[in-house]
$ cat start.csv   # CSV, C-alpha atoms and all ligand atoms
chain,number,residue,atom,x,y,z
X,1,MET,CA,6.3,-25.8,-3.2
X,2,GLY,CA,4.1,-23.0,-1.9
X,3,VAL,CA,4.8,-19.8,0.2
X,4,LYS,CA,3.2,-18.6,3.4
X,5,ILE,CA,3.2,-15.5,5.6
X,6,VAL,CA,4.8,-16.4,8.9
X,7,GLN,CA,5.0,-13.0,10.6
X,8,THR,CA,3.5,-9.5,10.1
X,9,ALA,CA,4.6,-6.1,11.5
X,10,HIS,CA,4.3,-2.4,11.0
X,11,ALA,CA,5.9,0.9,12.0
X,12,VAL,CA,4.7,4.4,11.7
X,13,PRO,CA,6.2,7.9,12.5
X,14,THR,CA,5.5,9.2,16.0
X,15,LYS,CA,4.0,12.6,14.8
X,16,ILE,CA,0.3,12.5,14.3
X,17,MET,CA,-1.6,15.1,12.3
X,18,THR,CA,-5.3,15.2,12.9
X,19,ASN,CA,-7.9,16.7,10.5
X,20,TYR,CA,-8.2,19.6,12.9
X,21,ASP,CA,-4.4,20.2,12.6
X,22,LEU,CA,-4.8,20.4,8.8
X,23,SER,CA,-7.7,22.8,9.1
X,24,GLN,CA,-5.3,25.2,10.8
X,25,ILE,CA,-3.0,25.3,7.8
X,26,MET,CA,-5.4,25.0,4.9
X,27,ASP,CA,-9.0,25.7,4.0
X,28,THR,CA,-10.6,22.4,5.0
X,29,SER,CA,-12.5,20.8,7.9
X,30,ASP,CA,-12.7,17.6,9.9
X,31,GLU,CA,-16.3,17.2,8.8
X,32,TRP,CA,-15.3,17.5,5.1
X,33,ILE,CA,-12.4,15.1,5.3
X,34,ARG,CA,-14.2,12.5,7.5
X,35,SER,CA,-17.4,12.5,5.4
X,36,ARG,CA,-15.7,12.3,2.0
X,37,THR,CA,-12.9,9.9,2.9
X,38,GLY,CA,-13.3,8.3,6.4
X,39,ILE,CA,-9.9,9.7,7.4
X,40,SER,CA,-9.5,11.3,10.9
X,41,GLN,CA,-5.7,11.5,11.3
X,42,ARG,CA,-2.4,10.4,9.7
X,43,HIS,CA,1.2,9.8,10.8
X,44,ILE,CA,3.7,12.2,9.3
X,45,ALA,CA,7.4,11.7,9.2
X,46,THR,CA,9.7,14.2,10.8
X,47,THR,CA,13.1,12.4,11.4
X,48,GLU,CA,11.8,9.1,9.9
X,49,THR,CA,12.6,8.1,6.3
X,50,THR,CA,11.2,5.3,4.1
X,51,SER,CA,14.3,3.3,4.8
X,52,SER,CA,14.2,3.8,8.5
X,53,LEU,CA,10.6,2.8,8.7
X,54,CYS,CA,11.2,-0.3,6.6
X,55,GLY,CA,14.2,-1.1,8.7
X,56,GLN,CA,12.1,-1.0,11.8
X,57,VAL,CA,9.6,-3.4,10.3
X,58,SER,CA,12.3,-5.8,9.2
X,59,GLU,CA,13.9,-5.9,12.6
X,60,GLN,CA,10.5,-6.5,14.2
X,61,LEU,CA,9.7,-9.3,11.8
X,62,LEU,CA,13.0,-11.0,12.5
X,63,GLN,CA,12.7,-10.6,16.2
X,64,GLN,CA,9.2,-12.0,16.2
X,65,ALA,CA,10.4,-15.1,14.3
X,66,GLN,CA,13.6,-15.4,16.4
X,67,LEU,CA,15.5,-15.4,13.1
X,68,PRO,CA,19.0,-13.9,12.3
X,69,ALA,CA,19.1,-11.4,9.4
X,70,THR,CA,21.6,-13.8,7.7
X,71,ALA,CA,18.8,-16.3,7.2
X,72,LEU,CA,17.1,-14.0,4.7
X,73,ASP,CA,17.4,-14.8,1.0
X,74,PHE,CA,15.8,-11.6,-0.2
X,75,ILE,CA,14.3,-8.3,0.8
X,76,VAL,CA,11.8,-6.6,-1.5
X,77,VAL,CA,10.4,-3.1,-0.7
X,78,CYS,CA,7.3,-1.8,-2.5
X,79,THR,CA,7.4,2.0,-2.6
X,80,MET,CA,6.6,5.0,-4.7
X,81,SER,CA,8.4,7.3,-2.3
X,82,PRO,CA,12.0,5.9,-1.9
X,83,ASP,CA,14.7,8.0,-0.2
X,84,TYR,CA,16.9,7.7,-3.3
X,85,PHE,CA,16.6,6.6,-6.9
X,86,THR,CA,19.6,4.6,-6.0
X,87,PRO,CA,20.4,2.8,-3.7
X,88,ALA,CA,17.1,1.0,-3.5
X,89,THR,CA,15.3,1.3,-0.2
X,90,ALA,CA,15.6,-2.5,0.1
X,91,ALA,CA,19.3,-2.3,-0.3
X,92,VAL,CA,19.6,0.3,2.4
X,93,VAL,CA,17.5,-1.9,4.7
X,94,GLN,CA,19.7,-5.0,3.8
X,95,GLY,CA,22.8,-3.1,4.9
X,96,MET,CA,21.1,-1.6,8.0
X,97,ILE,CA,20.0,-5.0,9.4
X,98,GLY,CA,23.1,-7.0,8.1
X,99,ALA,CA,21.2,-9.4,5.9
X,100,THR,CA,24.4,-10.3,4.1
X,101,ASN,CA,22.9,-13.3,2.2
X,102,ALA,CA,19.9,-11.5,0.8
X,103,PHE,CA,19.5,-9.8,-2.6
X,104,ALA,CA,17.4,-6.7,-2.4
X,105,PHE,CA,15.4,-4.5,-4.7
X,106,ASP,CA,12.5,-2.1,-4.8
X,107,LEU,CA,9.2,-2.5,-6.7
X,108,ASN,CA,6.9,0.4,-7.7
X,109,ALA,CA,3.3,-0.2,-8.5
X,110,ALA,CA,2.0,2.6,-6.2
X,111,CYS,CA,-0.8,1.5,-3.9
X,112,SER,CA,-1.0,-1.9,-5.7
X,113,GLY,CA,2.7,-2.5,-4.8
X,114,PHE,CA,2.3,-5.0,-2.0
X,115,VAL,CA,-0.1,-7.2,-4.1
X,116,TYR,CA,2.2,-7.0,-7.1
X,117,GLY,CA,5.1,-7.8,-4.8
X,118,LEU,CA,3.5,-11.0,-3.5
X,119,SER,CA,3.0,-12.2,-7.1
X,120,VAL,CA,6.6,-11.4,-8.0
X,121,VAL,CA,8.3,-13.0,-5.0
X,122,GLN,CA,6.4,-16.3,-5.2
X,123,HIS,CA,8.8,-17.2,-7.9
X,124,TYR,CA,11.7,-17.4,-5.3
X,125,PHE,CA,10.0,-20.1,-3.2
X,126,GLN,CA,10.1,-22.8,-5.9
X,127,THR,CA,13.1,-24.6,-4.5
X,128,ASN,CA,13.2,-27.4,-1.8
X,129,LYS,CA,15.7,-25.4,0.3
X,130,GLU,CA,14.3,-23.5,3.3
X,131,THR,CA,13.8,-20.0,2.0
X,132,TYR,CA,13.0,-16.8,3.9
X,133,GLY,CA,12.2,-13.4,2.4
X,134,LEU,CA,10.8,-10.0,3.5
X,135,LEU,CA,8.2,-8.2,1.5
X,136,ILE,CA,7.6,-4.7,2.9
X,137,GLY,CA,5.5,-1.7,1.7
X,138,GLY,CA,6.9,1.6,2.9
X,139,GLU,CA,6.1,5.2,2.1
X,140,VAL,CA,6.9,8.7,3.2
X,141,LEU,CA,4.2,10.3,1.0
X,142,SER,CA,4.3,13.5,3.0
X,143,ARG,CA,7.3,14.5,1.0
X,144,LEU,CA,5.2,14.3,-2.2
X,145,ILE,CA,2.4,16.5,-0.8
X,146,ASN,CA,1.8,20.1,-1.8
X,147,TRP,CA,0.5,21.5,1.5
X,148,GLN,CA,-1.2,24.2,-0.4
X,149,ASP,CA,-3.4,21.7,-2.3
X,150,ARG,CA,-6.2,20.6,0.0
X,151,SER,CA,-7.6,18.2,-2.6
X,152,THR,CA,-4.6,15.8,-2.1
X,153,ALA,CA,-2.9,16.9,1.1
X,154,VAL,CA,-5.7,15.6,3.3
X,155,LEU,CA,-5.6,12.1,1.8
X,156,PHE,CA,-2.1,10.6,2.5
X,157,GLY,CA,0.0,9.4,5.4
X,158,ASP,CA,3.4,7.8,6.1
X,159,GLY,CA,4.2,4.3,7.4
X,160,ALA,CA,5.6,0.9,6.6
X,161,ALA,CA,4.4,-2.6,7.1
X,162,GLY,CA,5.4,-6.0,5.8
X,163,VAL,CA,5.6,-9.8,6.1
X,164,LEU,CA,8.1,-12.5,6.6
X,165,LEU,CA,7.6,-15.2,4.0
X,166,LYS,CA,8.7,-18.8,4.0
X,167,ASN,CA,8.2,-21.7,1.7
X,168,SER,CA,5.5,-24.3,2.7
X,169,HIS,CA,4.4,-27.7,1.4
X,170,THR,CA,0.8,-26.6,1.1
X,171,PRO,CA,-0.2,-23.7,-1.2
X,172,HIS,CA,-1.3,-20.6,0.6
X,173,LEU,CA,-1.3,-18.1,-2.3
X,174,LEU,CA,-4.1,-19.4,-4.4
X,175,ALA,CA,-4.5,-17.0,-7.3
X,176,SER,CA,-3.7,-13.5,-8.4
X,177,ASP,CA,-4.9,-10.9,-10.9
X,178,LEU,CA,-2.7,-8.0,-11.9
X,179,ALA,CA,-3.7,-5.3,-14.4
X,180,THR,CA,-2.2,-2.0,-15.6
X,181,PHE,CA,-3.8,0.9,-17.5
X,182,GLY,CA,-0.8,3.0,-18.5
X,183,ASP,CA,-3.0,5.1,-20.9
X,184,ARG,CA,-4.7,6.5,-17.7
X,185,GLY,CA,-1.4,7.1,-15.8
X,186,GLY,CA,-1.9,10.9,-16.0
X,187,GLN,CA,-4.8,10.7,-13.6
X,188,LEU,CA,-2.4,10.3,-10.6
X,189,THR,CA,1.2,11.5,-10.8
X,190,ALA,CA,4.0,12.6,-8.4
X,191,GLY,CA,7.7,13.3,-8.8
X,192,TYR,CA,7.7,14.1,-12.6
X,193,ARG,CA,11.2,14.7,-13.8
X,194,GLY,CA,10.9,14.1,-17.5
X,195,GLY,CA,11.4,17.7,-18.4
X,196,ALA,CA,14.3,18.2,-16.0
X,197,SER,CA,17.1,18.9,-18.5
X,198,GLN,CA,18.6,22.3,-17.7
X,199,MET,CA,20.9,21.7,-20.7
X,200,VAL,CA,18.1,21.9,-23.2
X,201,ASN,CA,15.9,24.8,-22.1
X,202,GLY,CA,17.6,26.2,-19.0
X,203,VAL,CA,14.5,25.4,-17.0
X,204,ASN,CA,14.3,22.7,-14.4
X,205,GLN,CA,10.8,21.4,-15.1
X,206,ILE,CA,10.0,19.1,-12.3
X,207,MET,CA,6.6,18.5,-10.7
X,208,PRO,CA,7.4,17.0,-7.3
X,209,TYR,CA,3.9,16.9,-5.8
X,210,PHE,CA,0.8,14.8,-6.2
X,211,GLN,CA,-1.5,15.7,-9.1
X,212,MET,CA,-4.7,13.7,-9.1
X,213,ASP,CA,-8.0,13.4,-10.9
X,214,GLY,CA,-9.9,12.4,-7.7
X,215,ARG,CA,-13.2,11.6,-9.5
X,216,GLY,CA,-11.4,9.6,-12.2
X,217,ILE,CA,-9.5,7.5,-9.6
X,218,TYR,CA,-12.7,7.0,-7.6
X,219,SER,CA,-14.5,5.6,-10.6
X,220,PHE,CA,-11.5,3.5,-11.7
X,221,ALA,CA,-11.3,1.9,-8.2
X,222,THR,CA,-15.0,1.2,-7.7
X,223,ARG,CA,-15.2,-0.6,-11.0
X,224,GLY,CA,-11.6,-2.0,-11.3
X,225,VAL,CA,-11.3,-3.5,-7.9
X,226,PRO,CA,-14.5,-5.6,-7.9
X,227,ALA,CA,-13.6,-6.8,-11.5
X,228,SER,CA,-10.1,-7.8,-10.4
X,229,ILE,CA,-11.4,-9.6,-7.4
X,230,GLU,CA,-14.0,-11.5,-9.5
X,231,ARG,CA,-11.2,-12.6,-12.0
X,232,ALA,CA,-9.0,-13.8,-9.2
X,233,LEU,CA,-11.8,-15.6,-7.4
X,234,GLN,CA,-12.7,-17.4,-10.6
X,235,GLN,CA,-9.1,-18.5,-11.1
X,236,ALA,CA,-9.1,-19.9,-7.5
X,237,ASN,CA,-12.4,-21.7,-8.1
X,238,LEU,CA,-14.0,-19.7,-5.2
X,239,VAL,CA,-16.9,-17.4,-4.9
X,240,ALA,CA,-17.1,-14.2,-2.8
X,241,ASP,CA,-19.3,-15.8,-0.1
X,242,GLN,CA,-16.4,-18.2,0.7
X,243,VAL,CA,-14.0,-15.3,1.6
X,244,ASP,CA,-13.6,-14.5,5.3
X,245,HIS,CA,-12.0,-11.0,5.0
X,246,PHE,CA,-11.4,-8.5,2.1
X,247,ILE,CA,-8.3,-6.6,2.9
X,248,LEU,CA,-8.6,-3.6,0.5
X,249,HIS,CA,-6.2,-0.7,-0.1
X,250,GLN,CA,-7.2,2.0,2.5
X,251,ALA,CA,-7.8,5.1,0.4
X,252,ASN,CA,-11.4,6.0,1.0
X,253,THR,CA,-14.2,4.4,3.1
X,254,ARG,CA,-16.7,5.2,0.3
X,255,ILE,CA,-14.6,3.2,-2.2
X,256,VAL,CA,-14.6,0.2,0.2
X,257,ALA,CA,-18.4,0.4,0.7
X,258,GLN,CA,-18.9,0.5,-3.1
X,259,VAL,CA,-16.7,-2.5,-3.6
X,260,ALA,CA,-18.6,-4.4,-0.9
X,261,LYS,CA,-21.9,-3.5,-2.6
X,262,ARG,CA,-20.8,-4.6,-6.0
X,263,LEU,CA,-19.6,-7.9,-4.7
X,264,GLN,CA,-22.8,-8.3,-2.7
X,265,GLN,CA,-20.9,-8.9,0.5
X,266,PRO,CA,-21.5,-7.5,4.0
X,267,LEU,CA,-19.3,-4.5,5.0
X,268,SER,CA,-18.4,-6.5,8.2
X,269,LYS,CA,-16.0,-8.6,6.0
X,270,PHE,CA,-14.1,-5.4,5.0
X,271,PRO,CA,-11.9,-4.3,8.0
X,272,GLN,CA,-10.8,-0.7,7.7
X,273,ASN,CA,-8.1,1.5,9.4
X,274,MET,CA,-7.8,4.5,7.1
X,275,ALA,CA,-9.3,6.6,9.9
X,276,ALA,CA,-6.1,6.3,11.9
X,277,TYR,CA,-3.5,6.3,9.0
X,278,GLY,CA,-4.9,7.9,5.9
X,279,ASN,CA,-3.8,6.4,2.5
X,280,THR,CA,-0.3,5.0,3.0
X,281,SER,CA,-0.1,3.6,-0.5
X,282,ALA,CA,2.0,0.4,-0.7
X,283,ALA,CA,2.0,0.1,3.2
X,284,SER,CA,-1.7,0.2,3.5
X,285,ILE,CA,-2.6,-3.5,2.8
X,286,PRO,CA,0.1,-5.0,5.0
X,287,LEU,CA,-0.6,-2.5,7.7
X,288,LEU,CA,-4.3,-3.5,7.8
X,289,LEU,CA,-3.3,-7.2,7.6
X,290,ASP,CA,-0.9,-6.8,10.6
X,291,GLU,CA,-3.6,-5.1,12.7
X,292,CYS,CA,-6.2,-7.8,11.9
X,293,VAL,CA,-3.7,-10.6,12.7
X,294,ARG,CA,-2.7,-9.0,16.0
X,295,SER,CA,-6.3,-8.4,17.1
X,296,GLY,CA,-7.2,-12.0,16.3
X,297,GLN,CA,-9.7,-11.0,13.6
X,298,ILE,CA,-7.7,-12.9,11.0
X,299,LYS,CA,-6.9,-16.5,12.0
X,300,LEU,CA,-4.9,-19.3,10.5
X,301,GLY,CA,-6.9,-21.0,7.7
X,302,ASP,CA,-9.0,-17.9,6.9
X,303,ILE,CA,-9.5,-17.2,3.2
X,304,LEU,CA,-8.4,-13.6,2.4
X,305,VAL,CA,-8.7,-11.3,-0.6
X,306,LEU,CA,-6.0,-8.6,-0.7
X,307,SER,CA,-6.8,-6.0,-3.3
X,308,GLY,CA,-5.1,-2.7,-4.2
X,309,PHE,CA,-5.4,0.1,-6.8
X,310,GLY,CA,-3.6,3.3,-7.6
X,311,GLY,CA,-1.0,5.0,-9.6
X,312,GLY,CA,-0.1,3.5,-13.0
X,313,LEU,CA,-3.0,3.1,-13.1
X,314,THR,CA,-2.7,-0.3,-11.5
X,315,VAL,CA,-5.0,-2.8,-9.8
X,316,GLY,CA,-4.2,-6.1,-8.3
X,317,THR,CA,-5.7,-8.9,-6.2
X,318,GLN,CA,-4.2,-11.8,-4.3
X,319,ILE,CA,-6.4,-14.7,-3.0
X,320,MET,CA,-4.8,-16.5,-0.1
X,321,ILE,CA,-5.3,-18.8,2.8
X,322,TYR,CA,-3.8,-17.2,5.9
I,401,LIG,N1,-11.6,20.3,2.2
I,401,LIG,C1,-12.7,21.0,1.9
I,401,LIG,N2,-13.1,21.1,0.6
I,401,LIG,C2,-12.5,20.4,-0.3
I,401,LIG,C3,-11.3,19.7,-0.1
I,401,LIG,C4,-10.9,19.6,1.3
I,401,LIG,N3,-9.8,19.0,1.7
I,401,LIG,N4,-10.9,19.1,-1.2
I,401,LIG,C5,-11.7,19.5,-2.2
I,401,LIG,N5,-12.7,20.3,-1.6
I,401,LIG,C6,-13.8,20.9,-2.3
I,401,LIG,C7,-13.6,21.1,-3.8
I,401,LIG,O1,-12.9,22.3,-4.1
I,401,LIG,C8,-15.0,21.0,-4.3
I,401,LIG,O2,-15.6,22.3,-4.1
I,401,LIG,P1,-16.6,23.0,-5.2
I,401,LIG,O3,-17.8,22.0,-5.3
I,401,LIG,O4,-16.9,24.3,-4.6
I,401,LIG,O5,-15.8,23.0,-6.5
I,401,LIG,C9,-15.8,20.1,-3.4
I,401,LIG,O6,-15.0,20.0,-2.2
I,401,LIG,C10,-16.0,18.7,-4.0
I,401,LIG,O7,-14.7,18.3,-4.5
I,401,LIG,P2,-14.6,16.9,-5.3
I,401,LIG,O8,-13.2,16.7,-5.7
I,401,LIG,O9,-15.7,16.8,-6.3
I,401,LIG,O10,-15.0,15.9,-4.1
I,401,LIG,P3,-15.2,14.3,-4.1
I,401,LIG,O11,-16.5,14.0,-3.5
I,401,LIG,O12,-14.9,13.8,-5.5
I,401,LIG,O13,-14.1,13.8,-3.1
I,401,LIG,C11,-11.9,12.7,-3.1
I,401,LIG,C12,-12.8,14.0,-3.4
I,401,LIG,C13,-12.1,12.4,-1.6
I,401,LIG,C14,-10.5,13.0,-3.5
I,401,LIG,C15,-12.5,11.5,-4.0
I,401,LIG,O14,-12.7,11.9,-5.3
I,401,LIG,C16,-11.6,10.3,-3.8
I,401,LIG,O15,-11.4,9.7,-2.8
I,401,LIG,N6,-11.1,9.9,-5.0
I,401,LIG,C17,-10.1,8.7,-5.0
I,401,LIG,C18,-8.8,9.2,-4.7
I,401,LIG,C19,-7.8,8.2,-4.3
I,401,LIG,O16,-8.1,7.2,-3.8
I,401,LIG,N7,-6.5,8.4,-4.6
I,401,LIG,C20,-5.4,7.6,-4.2
I,401,LIG,C21,-5.1,6.6,-5.2
I,401,LIG,S1,-3.9,5.5,-4.5
I,401,LIG,C22,-2.3,5.9,-5.0
I,401,LIG,O17,-1.8,5.3,-5.9
I,401,LIG,C23,-1.5,6.9,-4.2

$ encode --input "start.csv" --output "structure tokens" --more "lines below"
Ligand code: ACO
Amino acid sequence: MGVKIVQTAHAVPTKIMTNYDLSQIMDTSDEWIRSRTGISQRHIATTETTSSLCGQVSEQLLQQAQLPATALDFIVVCTMSPDYFTPATAAVVQGMIGATNAFAFDLNAACSGFVYGLSVVQHYFQTNKETYGLLIGGEVLSRLINWQDRSTAVLFGDGAAGVLLKNSHTPHLLASDLATFGDRGGQLTAGYRGGASQMVNGVNQIMPYFQMDGRGIYSFATRGVPASIERALQQANLVADQVDHFILHQANTRIVAQVAKRLQQPLSKFPQNMAAYGNTSAASIPLLLDECVRSGQIKLGDILVLSGFGGGLTVGTQIMIY
């Protein structure tokens, strides 16, 4: 028994911050941000939360499928910026939409979260019973941004996107490759609380905001993503030429171009939308997938590579037939 994506959807906060807006509050420029990253604007939460954005995506997915929330067997939210440590974002969403038959939990693999999530949830579709589940990537990264740090503040945006999954008789998820490099985890951190015991030293040592070795992550991504894609393609007995679309994590247009070059594939096979949303971490891959499906760029039967990289450090690839 396989699993297939039957609906896609996304939701973003209404407030948009352009590069120009950022240049009014920090020493940066539209030219610097666009030329180094490909980002022009991002959506920033005001009243929205990670749970409310994921809730909107869930409701849209159910409405598109004309399915009651009680038909869901599970909800998994991939996030590195949940509203709470507990309850999980997925549990908040489960309660919000009334998915009383669904179990729900969060998964954190940063920007690789959605790809890791697809690998994990496949397991729940092995039965003969008709099974439905939601897999959503949702982030409010703006709460992890130090607005005085121009080296990270210009990169990230808020949003949520996801898919409704159902079991199928034909296999759609062909192969996956997941890899983690915990020894390099210090290259990208946010929300450190390990030194937070006031009982011990009287100091509340927390580091809420992004700290990043930009060059280190760039080099990790431009080498790690093509290597992960090659491993996954090999498992699926496919070569890169057979792939219709490469849906990569939307962090930086230069990273996407480097990956295309290393795989010797035309850039036209790599749709991009970071100009409009910035880096939305776990939401970025399903957000791009949803836009490509809605525009008709991705069609039923297309061979897709989904590949993400980020905090952990993590990298992950899923090969699928849409
Ligand atoms: N505006 C203007 N100047 C800036 C800005 C800014 N926003 N940020 C940095 N600069 C300056 C620096 O101070 C530096 O100045 P100097 O030369 O006088 O010292 C200069 O620009 C170059 O800085 P670099 O950091 O060397 O710039 P680089 O070309 O490496 O680009 C970037 C930086 C865009 C961050 C790049 O390294 C990158 O994209 N790395 C990958 C990061 C990434 O994808 N992270 C997300 C991972 S996903 C996740 O899990 C959340």

$ atom_distance --input "start.csv" --atom1 "atom CA of Met96 of chain X" --atom2 "atom CA of Met80 of chain X"
20.4 Å

$ closest_residue --input "start.csv" --among "X:Gly185, X:Gly98, X:Gly308, X:Gly214" --to "ligand LIG 401 (chain I)" --atoms "only C-alpha atoms and all ligand atoms"
X:Gly214

$ residues_near_ligand --input "start.csv" --ligand "ligand LIG 401 (chain I)" --cutoff "6 Å" --atoms "all atoms listed in the file" --output "count of residues only"
20

$ closest_residue --input "start.csv" --among "X:Tyr277, X:Phe246, X:Phe74, X:Tyr209" --to "Ala90 of chain X" --atoms "all atoms listed in the file"
X:Phe74

$ residues_around --input "start.csv" --residues "segment 124-139 of chain X" --least-positions-apart "6" --cutoff "8 Å" --atoms "only C-alpha atoms" --output "PyMOL selection string"
chain X and resi 1-3+50-51+53-54+57-58+71-82+113-114+117-118+158-167+280-284+286

$ atom_distance --input "start.csv" --atom1 "atom CA of Arg42 of chain X" --atom2 "atom CA of Val259 of chain X"
23.4 Å

$ residues_around --input "start.csv" --residues "Ile285 of chain X" --least-positions-apart "2" --cutoff "7 Å" --atoms "all atoms listed in the file" --output "list of chain:residue names"
X:Ile247, X:Leu248, X:His249, X:Ala282, X:Ala283, X:Leu287, X:Leu288, X:Leu289

$ closest_residue --input "start.csv" --among "X:Ala232, X:Leu107, X:Ala221, X:Ala240" --to "Thr89 of chain X" --atoms "all atoms listed in the file"
X:Leu107

$ atom_distance --input "start.csv" --atom1 "atom CA of Thr152 of chain X" --atom2 "atom CA of Phe210 of chain X"
6.9 Å

$ closest_residue --input "start.csv" --among "X:Tyr116, X:Tyr322, X:Phe220, X:Phe85" --to "Phe181 of chain X" --atoms "only C-alpha atoms"
X:Phe220

$ build_atoms --input "start.csv" --residues "segment 240-254 of chain X" --atoms "N, CA and C atoms" --output "tab-separated table (two decimals), keeping the file's coordinate frame"
chain	number	residue	atom	x	y	z
X	240	ALA	N	-17.26	-15.21	-3.81
X	240	ALA	CA	-17.10	-14.20	-2.80
X	240	ALA	C	-17.61	-14.62	-1.42
X	241	ASP	N	-18.71	-15.40	-1.41
X	241	ASP	CA	-19.30	-15.80	-0.10
X	241	ASP	C	-18.32	-16.67	0.69
X	242	GLN	N	-17.35	-17.32	0.01
X	242	GLN	CA	-16.40	-18.20	0.70
X	242	GLN	C	-15.27	-17.40	1.38
X	243	VAL	N	-15.16	-16.11	1.04
X	243	VAL	CA	-14.00	-15.30	1.60
X	243	VAL	C	-14.37	-14.82	2.97
X	244	ASP	N	-13.38	-14.95	3.88
X	244	ASP	CA	-13.60	-14.50	5.30
X	244	ASP	C	-13.37	-13.00	5.41
X	245	HIS	N	-12.29	-12.48	4.79
X	245	HIS	CA	-12.00	-11.00	5.00
X	245	HIS	C	-11.45	-10.47	3.63
X	246	PHE	N	-11.93	-9.28	3.31
X	246	PHE	CA	-11.40	-8.50	2.10
X	246	PHE	C	-10.54	-7.42	2.67
X	247	ILE	N	-9.23	-7.54	2.42
X	247	ILE	CA	-8.30	-6.60	2.90
X	247	ILE	C	-7.96	-5.62	1.73
X	248	LEU	N	-8.70	-4.52	1.67
X	248	LEU	CA	-8.60	-3.60	0.50
X	248	LEU	C	-7.61	-2.47	0.83
X	249	HIS	N	-7.02	-1.90	-0.22
X	249	HIS	CA	-6.20	-0.70	-0.10
X	249	HIS	C	-7.07	0.38	0.62
X	250	GLN	N	-6.49	1.03	1.63
X	250	GLN	CA	-7.20	2.00	2.50
X	250	GLN	C	-7.08	3.40	1.95
X	251	ALA	N	-7.87	3.75	0.94
X	251	ALA	CA	-7.80	5.10	0.40
X	251	ALA	C	-9.02	5.91	0.84
X	252	ASN	N	-10.19	5.27	0.82
X	252	ASN	CA	-11.40	6.00	1.00
X	252	ASN	C	-12.52	5.03	1.46
X	253	THR	N	-13.18	5.31	2.56
X	253	THR	CA	-14.20	4.40	3.10
X	253	THR	C	-15.37	4.23	2.11
X	254	ARG	N	-15.62	5.27	1.31
X	254	ARG	CA	-16.70	5.20	0.30
X	254	ARG	C	-16.38	4.20	-0.78
